[in-house]
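Reproduced below: data.txt, with compact mmCIF, C-alpha atoms.
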```
# COMPACT_ATOMS: atom_id res chain seq x y z
CA MET A 24 133.41 100.94 112.91
CA THR A 25 134.99 103.74 114.92
CA LEU A 26 135.25 103.72 118.69
CA TYR A 27 135.94 106.98 120.50
CA GLY A 28 137.51 107.57 123.86
CA ASN A 29 137.48 111.18 125.09
CA ARG A 30 134.75 113.06 123.18
CA ARG A 31 135.61 116.53 124.50
CA ARG A 32 136.12 119.13 121.82
CA GLN A 33 139.73 120.25 122.16
CA ALA A 34 141.75 122.84 120.29
CA ARG A 35 144.79 121.33 118.61
CA ILE A 36 147.17 124.18 119.27
CA LYS A 37 150.91 123.68 119.46
CA ASN A 38 153.09 126.12 121.37
CA CYS A 39 150.23 128.62 121.78
CA CYS A 40 148.76 130.51 124.70
CA CYS A 41 145.71 132.59 125.50
CA GLU A 42 146.16 136.35 125.76
CA LYS A 43 144.39 139.23 127.52
CA LEU A 44 144.57 142.99 126.94
CA THR A 45 146.39 145.03 129.55
CA ARG A 46 145.38 148.61 130.42
CA SER A 47 148.00 149.89 128.00
CA GLY A 48 146.42 147.89 125.19
CA SER A 49 149.26 145.37 124.88
CA ARG A 50 148.62 141.63 124.93
CA LYS A 51 149.79 139.45 127.78
CA PRO A 52 149.90 135.66 127.83
CA ILE A 53 147.84 134.24 130.67
CA LEU A 54 147.51 130.49 130.19
CA ASP A 55 149.11 127.81 128.08
CA MET A 56 146.55 125.83 126.10
CA PRO A 57 146.57 122.06 126.58
CA LYS A 58 148.35 120.06 123.91
CA ILE A 59 145.80 117.53 122.71
CA VAL A 60 146.79 114.82 120.24
CA ARG A 61 144.10 112.67 118.65
CA GLY A 62 145.45 109.15 118.24
CA GLY A 63 144.11 106.16 116.35
CA LEU A 64 144.68 102.40 116.48
CA ILE A 65 143.60 100.04 113.69
CA GLN A 66 142.65 96.47 114.64
CA ALA A 67 141.72 94.26 111.71
CA SER A 68 141.02 90.67 110.70
CA SER A 69 142.89 88.98 107.87
CA THR A 70 141.19 89.26 104.48
CA HIS A 71 142.28 85.77 103.35
CA GLU A 72 143.35 82.43 104.69
CA GLY A 73 147.08 81.84 104.87
CA THR A 74 146.91 79.45 101.92
CA ALA A 75 145.97 82.24 99.48
CA PRO A 76 148.62 83.68 97.13
CA LEU A 77 150.92 85.97 99.10
CA ASP A 78 150.60 88.90 96.70
CA VAL A 79 146.80 88.68 96.88
CA ILE A 80 146.84 88.73 100.69
CA LYS A 81 149.27 91.62 100.83
CA LYS A 82 147.40 93.76 98.31
CA ALA A 83 144.05 93.22 100.03
CA MET A 84 145.40 93.97 103.51
CA VAL A 85 147.15 97.15 102.36
CA GLU A 86 143.96 98.35 100.67
CA LYS A 87 141.94 97.54 103.80
CA HIS A 88 144.24 99.61 105.98
CA ILE A 89 144.38 102.51 103.55
CA GLY A 90 140.59 102.63 103.89
CA PHE A 91 140.91 102.80 107.67
CA LEU A 92 143.53 105.55 107.38
CA GLU A 93 141.18 107.58 105.20
CA GLN A 94 138.54 107.13 107.88
CA ALA A 95 141.02 108.16 110.57
CA ALA A 96 141.83 111.36 108.70
CA LYS A 97 138.13 112.22 108.51
CA LYS A 98 137.86 111.67 112.26
CA GLY A 99 140.71 114.09 112.88
CA CYS A 100 143.40 111.60 113.90
CA GLN A 101 146.90 113.05 113.93
CA VAL A 102 148.79 109.83 114.63
CA VAL A 103 147.76 106.25 113.82
CA CYS A 104 149.40 102.89 114.57
CA LEU A 105 148.75 99.72 112.56
CA GLN A 106 148.93 96.16 113.94
CA GLU A 107 152.02 93.93 113.92
CA ILE A 108 153.09 93.05 110.33
CA PHE A 109 149.80 94.54 109.22
CA TYR A 110 149.80 93.37 105.59
CA GLY A 111 149.21 89.69 106.22
CA PRO A 112 148.03 87.02 108.66
CA TYR A 113 150.17 86.07 111.64
CA PHE A 114 152.17 83.54 109.62
CA CYS A 115 154.48 82.62 112.53
CA ALA A 116 151.89 79.96 113.37
CA GLU A 117 153.84 77.79 110.91
CA GLN A 118 157.48 77.51 109.84
CA LYS A 119 157.64 77.81 106.05
CA THR A 120 160.24 79.65 104.05
CA HIS A 121 157.82 81.00 101.43
CA TRP A 122 156.81 83.76 103.87
CA TYR A 123 160.27 85.25 103.37
CA ALA A 124 158.90 86.51 100.04
CA THR A 125 156.76 89.03 101.95
CA THR A 126 159.79 90.88 103.31
CA GLU A 127 160.71 94.38 102.14
CA PRO A 128 163.64 96.71 102.73
CA VAL A 129 162.83 99.62 105.02
CA PRO A 130 162.36 102.39 104.02
CA SER A 131 162.85 101.76 100.30
CA GLY A 132 160.26 98.95 99.99
CA PRO A 133 156.90 99.56 98.29
CA THR A 134 154.73 99.38 101.41
CA VAL A 135 156.67 101.94 103.44
CA GLN A 136 156.96 104.19 100.39
CA LEU A 137 153.19 104.00 99.88
CA MET A 138 152.65 104.83 103.55
CA CYS A 139 155.01 107.81 103.29
CA GLU A 140 152.85 109.12 100.45
CA THR A 141 149.71 108.40 102.47
CA ALA A 142 151.06 110.16 105.56
CA ARG A 143 151.90 113.24 103.49
CA ARG A 144 148.54 113.23 101.73
CA LEU A 145 146.55 112.86 104.96
CA GLY A 146 148.85 114.99 107.14
CA MET A 147 149.14 112.18 109.66
CA VAL A 148 151.98 110.54 111.63
CA LEU A 149 152.03 106.77 110.97
CA ILE A 150 153.55 103.76 112.72
CA VAL A 151 153.76 101.01 110.11
CA PRO A 152 154.82 97.49 111.21
CA VAL A 153 156.27 95.36 108.38
CA TYR A 154 158.49 92.32 107.75
CA GLU A 155 161.92 93.77 106.94
CA VAL A 156 164.79 92.31 104.95
CA GLU A 157 168.23 93.86 105.41
CA GLY A 158 170.26 91.31 103.46
CA THR A 159 170.26 87.68 102.43
CA GLY A 160 168.68 85.72 105.27
CA ILE A 161 168.64 88.77 107.55
CA TYR A 162 165.05 89.54 108.55
CA TYR A 163 163.50 91.69 111.27
CA ASN A 164 160.09 92.39 112.76
CA THR A 165 160.11 96.14 112.20
CA ALA A 166 157.98 99.25 112.58
CA ALA A 167 158.61 102.29 110.39
CA VAL A 168 157.84 105.72 111.86
CA ILE A 169 156.67 108.31 109.33
CA ASP A 170 156.05 111.98 110.07
CA ALA A 171 152.96 113.94 109.02
CA ASP A 172 154.82 115.44 106.05
CA GLY A 173 155.62 111.96 104.71
CA LYS A 174 159.23 111.93 105.87
CA PHE A 175 160.59 108.58 107.04
CA LEU A 176 162.00 109.26 110.51
CA GLY A 177 163.43 105.86 111.33
CA LYS A 178 162.53 102.37 112.48
CA TYR A 179 162.32 100.15 115.50
CA ARG A 180 163.21 96.46 115.36
CA LYS A 181 161.59 94.04 117.79
CA HIS A 182 164.14 92.90 120.37
CA HIS A 183 162.49 90.01 122.16
CA ILE A 184 161.66 87.08 119.87
CA PRO A 185 159.39 84.30 121.20
CA HIS A 186 159.42 80.67 120.12
CA CYS A 187 156.64 78.82 121.90
CA ALA A 188 153.34 76.95 121.60
CA PRO A 189 150.64 77.12 120.43
CA GLY A 190 152.12 78.77 117.33
CA PHE A 191 154.50 81.67 117.96
CA TRP A 192 157.53 80.32 116.08
CA GLU A 193 159.18 83.69 115.53
CA LYS A 194 162.83 82.68 115.79
CA PHE A 195 162.34 80.95 112.44
CA TYR A 196 161.57 84.34 110.86
CA PHE A 197 163.24 87.18 112.79
CA ARG A 198 166.56 88.23 114.21
CA PRO A 199 166.48 90.16 117.49
CA GLY A 200 166.48 93.92 116.97
CA ASN A 201 169.76 95.81 117.00
CA LEU A 202 168.75 99.48 116.91
CA GLY A 203 168.15 100.09 120.60
CA TYR A 204 165.04 101.88 121.83
CA PRO A 205 164.82 105.02 119.71
CA VAL A 206 162.35 107.84 120.28
CA PHE A 207 161.26 109.89 117.29
CA GLN A 208 160.41 113.58 117.32
CA THR A 209 157.25 113.86 115.22
CA ALA A 210 154.74 116.58 114.42
CA VAL A 211 152.61 115.41 117.37
CA GLY A 212 155.30 114.73 119.94
CA LYS A 213 157.96 112.18 120.89
CA ILE A 214 157.01 108.65 119.89
CA GLY A 215 158.50 105.28 120.82
CA VAL A 216 157.63 101.76 119.64
CA TYR A 217 157.67 98.39 121.41
CA ILE A 218 156.42 95.37 119.39
CA CYS A 219 154.20 92.59 120.78
CA TYR A 220 156.32 90.20 122.92
CA ASP A 221 158.54 93.13 123.92
CA ARG A 222 155.74 94.21 126.26
CA HIS A 223 156.60 91.40 128.70
CA PHE A 224 159.97 93.03 129.42
CA PRO A 225 159.92 96.24 131.51
CA GLU A 226 163.55 97.15 130.80
CA GLY A 227 162.92 98.37 127.25
CA ALA A 228 159.77 100.19 128.31
CA ARG A 229 161.89 102.12 130.83
CA CYS A 230 164.51 102.87 128.16
CA LEU A 231 161.79 104.46 126.01
CA GLY A 232 160.81 106.66 128.94
CA LEU A 233 164.41 107.64 129.64
CA ASN A 234 164.79 108.51 125.95
CA GLY A 235 161.92 110.97 126.23
CA ALA A 236 158.89 109.13 124.82
CA GLU A 237 155.53 110.83 125.32
CA ILE A 238 153.49 108.19 123.45
CA VAL A 239 154.56 104.55 123.10
CA PHE A 240 152.83 102.26 120.61
CA ASN A 241 152.80 98.48 120.92
CA PRO A 242 151.52 96.75 117.76
CA SER A 243 150.77 93.11 118.57
CA ALA A 244 149.36 89.77 117.46
CA THR A 245 148.29 87.79 120.51
CA THR A 246 145.65 85.17 121.23
CA ALA A 247 143.17 84.29 123.95
CA GLY A 248 144.16 81.61 126.43
CA LEU A 249 147.81 82.59 126.35
CA SER A 250 148.19 86.28 127.10
CA GLU A 251 144.74 87.77 127.53
CA TYR A 252 144.94 87.97 131.30
CA LEU A 253 148.06 90.12 130.91
CA TRP A 254 146.74 92.39 128.16
CA ARG A 255 145.27 95.06 130.43
CA LEU A 256 147.87 94.66 133.19
CA GLU A 257 151.37 94.94 131.75
CA GLN A 258 151.08 97.91 129.45
CA PRO A 259 149.12 100.21 131.78
CA ALA A 260 151.82 99.31 134.33
CA HIS A 261 154.48 100.47 131.84
CA ALA A 262 152.52 103.67 131.31
CA VAL A 263 152.39 104.30 135.07
CA ALA A 264 156.02 103.37 135.80
CA ASN A 265 157.33 105.52 132.94
CA GLN A 266 154.63 108.20 132.90
CA TYR A 267 153.69 108.28 129.23
CA PHE A 268 150.68 107.45 127.07
CA LEU A 269 150.48 103.98 125.59
CA GLY A 270 148.59 102.68 122.56
CA ALA A 271 148.28 98.88 122.34
CA VAL A 272 147.03 97.25 119.12
CA ASN A 273 145.90 93.65 118.64
CA ARG A 274 144.36 92.03 115.55
CA VAL A 275 141.02 90.21 115.59
CA GLY A 276 139.62 86.88 114.43
CA VAL A 277 140.72 83.25 114.02
CA GLU A 278 143.20 82.89 111.17
CA LYS A 279 143.07 79.75 109.05
CA PRO A 280 144.40 77.23 108.31
CA TRP A 281 146.31 77.37 111.61
CA ALA A 282 143.55 78.35 114.07
CA ILE A 283 146.04 78.71 116.93
CA GLY A 284 143.46 80.75 118.84
CA GLU A 285 141.33 83.85 118.74
CA PHE A 286 143.10 87.15 118.24
CA TYR A 287 141.03 89.07 120.75
CA GLY A 288 141.38 92.69 119.66
CA GLN A 289 140.59 95.06 122.55
CA SER A 290 143.11 97.60 121.31
CA TYR A 291 143.35 100.53 123.71
CA PHE A 292 144.91 103.80 124.75
CA CYS A 293 145.82 104.42 128.38
CA ASP A 294 147.20 107.53 130.05
CA PRO A 295 150.21 108.07 132.37
CA ARG A 296 148.04 107.05 135.33
CA GLY A 297 147.22 103.74 133.65
CA GLN A 298 143.60 104.73 133.11
CA MET A 299 141.88 103.46 129.96
CA LEU A 300 140.86 106.19 127.52
CA ALA A 301 139.36 103.99 124.78
CA VAL A 302 139.10 100.22 124.29
CA GLY A 303 138.17 98.37 121.12
CA SER A 304 135.84 95.41 120.80
CA ARG A 305 136.94 91.81 120.99
CA ASP A 306 135.97 90.69 117.51
CA LYS A 307 135.37 93.61 115.14
CA ASP A 308 137.52 95.50 112.66
CA GLU A 309 137.76 98.94 114.23
CA LEU A 310 139.44 102.29 114.37
CA VAL A 311 139.94 103.07 118.06
CA VAL A 312 140.30 106.81 118.74
CA ALA A 313 141.26 108.79 121.83
CA ASP A 314 142.34 112.33 122.66
CA LEU A 315 145.67 112.38 124.49
CA ASP A 316 146.38 115.41 126.67
CA LEU A 317 150.18 115.46 126.63
CA ASP A 318 150.27 118.06 129.41
CA LYS A 319 149.15 115.27 131.74
CA ILE A 320 152.62 113.70 131.44
CA GLN A 321 154.31 116.53 133.31
CA GLU A 322 151.39 116.77 135.71
CA VAL A 323 151.88 113.14 136.73
CA ARG A 324 155.67 113.40 136.80
CA ASP A 325 155.44 116.36 139.17
CA ILE A 326 153.50 114.16 141.60
CA TRP A 327 155.35 110.86 141.22
CA GLN A 328 159.11 111.49 141.01
CA PHE A 329 160.07 108.08 139.65
CA TYR A 330 162.84 109.41 137.44
CA ARG A 331 164.38 111.42 140.27
CA ASP A 332 164.28 108.50 142.68
CA ARG A 333 165.74 105.83 140.39
CA ARG A 334 168.84 104.02 141.68
CA PRO A 335 170.54 102.74 138.52
CA GLU A 336 173.78 102.10 140.43
CA THR A 337 171.93 99.30 142.26
CA TYR A 338 170.60 97.55 139.16
CA GLN A 339 173.74 95.71 138.07
CA ASP A 340 172.02 92.33 138.35
CA VAL A 341 169.62 93.37 135.57
CA LEU A 342 172.58 93.68 133.20
CA ASN A 343 174.05 90.26 133.99
CA PRO A 344 173.24 87.53 131.41
```

Write out the structure in this file as structure tokens.
Amino acid sequence: MTLYGNRRRQARIKNCCCEKLTRSGSRKPILDMPKIVRGGLIQASSTHEGTAPLDVIKKAMVEKHIGFLEQAAKKGCQVVCLQEIFYGPYFCAEQKTHWYATTEPVPSGPTVQLMCETARRLGMVLIVPVYEVEGTGIYYNTAAVIDADGKFLGKYRKHHIPHCAPGFWEKFYFRPGNLGYPVFQTAVGKIGVYICYDRHFPEGARCLGLNGAEIVFNPSATTAGLSEYLWRLEQPAHAVANQYFLGAVNRVGVEKPWAIGEFYGQSYFCDPRGQMLAVGSRDKDELVVADLDLDKIQEVRDIWQFYRDRRPETYQDVLNP
């Protein structure tokens, strides 16, 4: 199923302008065309229970998402974000070492390499969240950023690692990220990433804005009863405070055998005013699509001068442990 946000037909023109003929016959630029980026978010249920063979789960989930990416290309998406550690269930509901076998080096691992080939073939920027291994016992919750020509641009590692009921035992699996808050120049604009639990911390969201992000993606795995009341509050607030577009992705369904709660979907895009552009369903596998007018970023920043009026010299307490 595909859910659209803005249905207006928009020209995808980069660095172009309209022209008119002068009396002398020369051409004169009169108006910059809006820069419209069509974005996609994939929310999906797990294909298997967590007791199935790990290679079977991984293969099925990769194939499922490749199908969605093919659909996204047909719908004209230029950038697509997948959900947190997209190729399996949310295994942090238990603490078992056999899940370490699902890690891969980034970018040399097979999943990221396949996604580089897919990005090149479809001409699409991809944000691909995976379980990364850097060395023996050194694991990260990571998102690879791949440009539309298939080039690996870099990665973001989740900084804030929860360890709490009813089943978010992530410190057993991940080290805190150590790569800062990078922003990647892609074919569609400047992209930043913030993963799941990171969204509860405004400091990193501000760093992404200061680093020039135009679109921030937050791939997540979060359940009803714990965070749902925050889902449509925190991230639109980040978008408003930092004046960028935000794409939030959440998986769907109840994953067995753990059944820690319902992953409630409702993936969405919001704009720099915090207004929703497209919202997915609660319980269906979906491609959520919206057209993002990047010119709106400067329009909003010209009105609300948050970056001008910051007082970083007064924020020392934020830096204290």

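Across the model, the gap from CA of Glu127 in chain A to CA of Val277 in chain A is 25.8 Å.
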
Dump as a tab-separated table the rows for residues of range 69-166 of chain A within 8 Å of range 240-260 of chain A: closest atom pair and distance in Å with one decimal, all atoms listed in the file counted, ordered by chain and rising residue number.
```
residue	atom	partner	partner_atom	distance
A:Cys104	CA	A:Phe240	CA	7.0
A:Leu105	CA	A:Pro242	CA	6.6
A:Gln106	CA	A:Pro242	CA	4.7
A:Glu107	CA	A:Pro242	CA	4.8
A:Tyr113	CA	A:Ala244	CA	6.9
A:Pro152	CA	A:Pro242	CA	7.4
```

Residue with the minimum atom-to-atom distance to Phe195 in chain A, picked from A:Ser68, A:Gln208, A:Ser131, A:Gln118 with only C-alpha atoms counted, is A:Gln118

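Closest to Ile218 in chain A among A:Val168, A:Val102, A:Leu176, A:Val272 is A:Val272, based on only C-alpha atoms.
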
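The interatomic distance for the pair CA of Ile80 in chain A and CA of Trp281 in chain A works out to 15.8 Å.
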
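Around the point (143.8, 88.7, 96.9), within 12 Å and counting all atoms listed in the file, we find these residues: Ser69, Thr70, His71, Glu72, Gly73, Thr74, Ala75, Pro76, Leu77, Asp78, Val79, Ile80, Lys81, Lys82, Ala83, Met84, Val85, Glu86, Lys87, Tyr110 and Gly111 of chain A.
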
Quick one: 6 Å padding each side, axis-aligned, all listed atoms of range 272-279 of chain A - centre and edge lengths in Å to one decimal, as lines of an AutoDock Vina configuration file?
```
center_x = 143.3
center_y = 88.5
center_z = 114.1
size_x = 19.4
size_y = 29.5
size_z = 22.1
```

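Of the listed residues (A:Ala116, A:Ala236, A:Ala188, A:Ala95), A:Ala95 comes nearest to Val148 in chain A; the distances count all atoms listed in the file.
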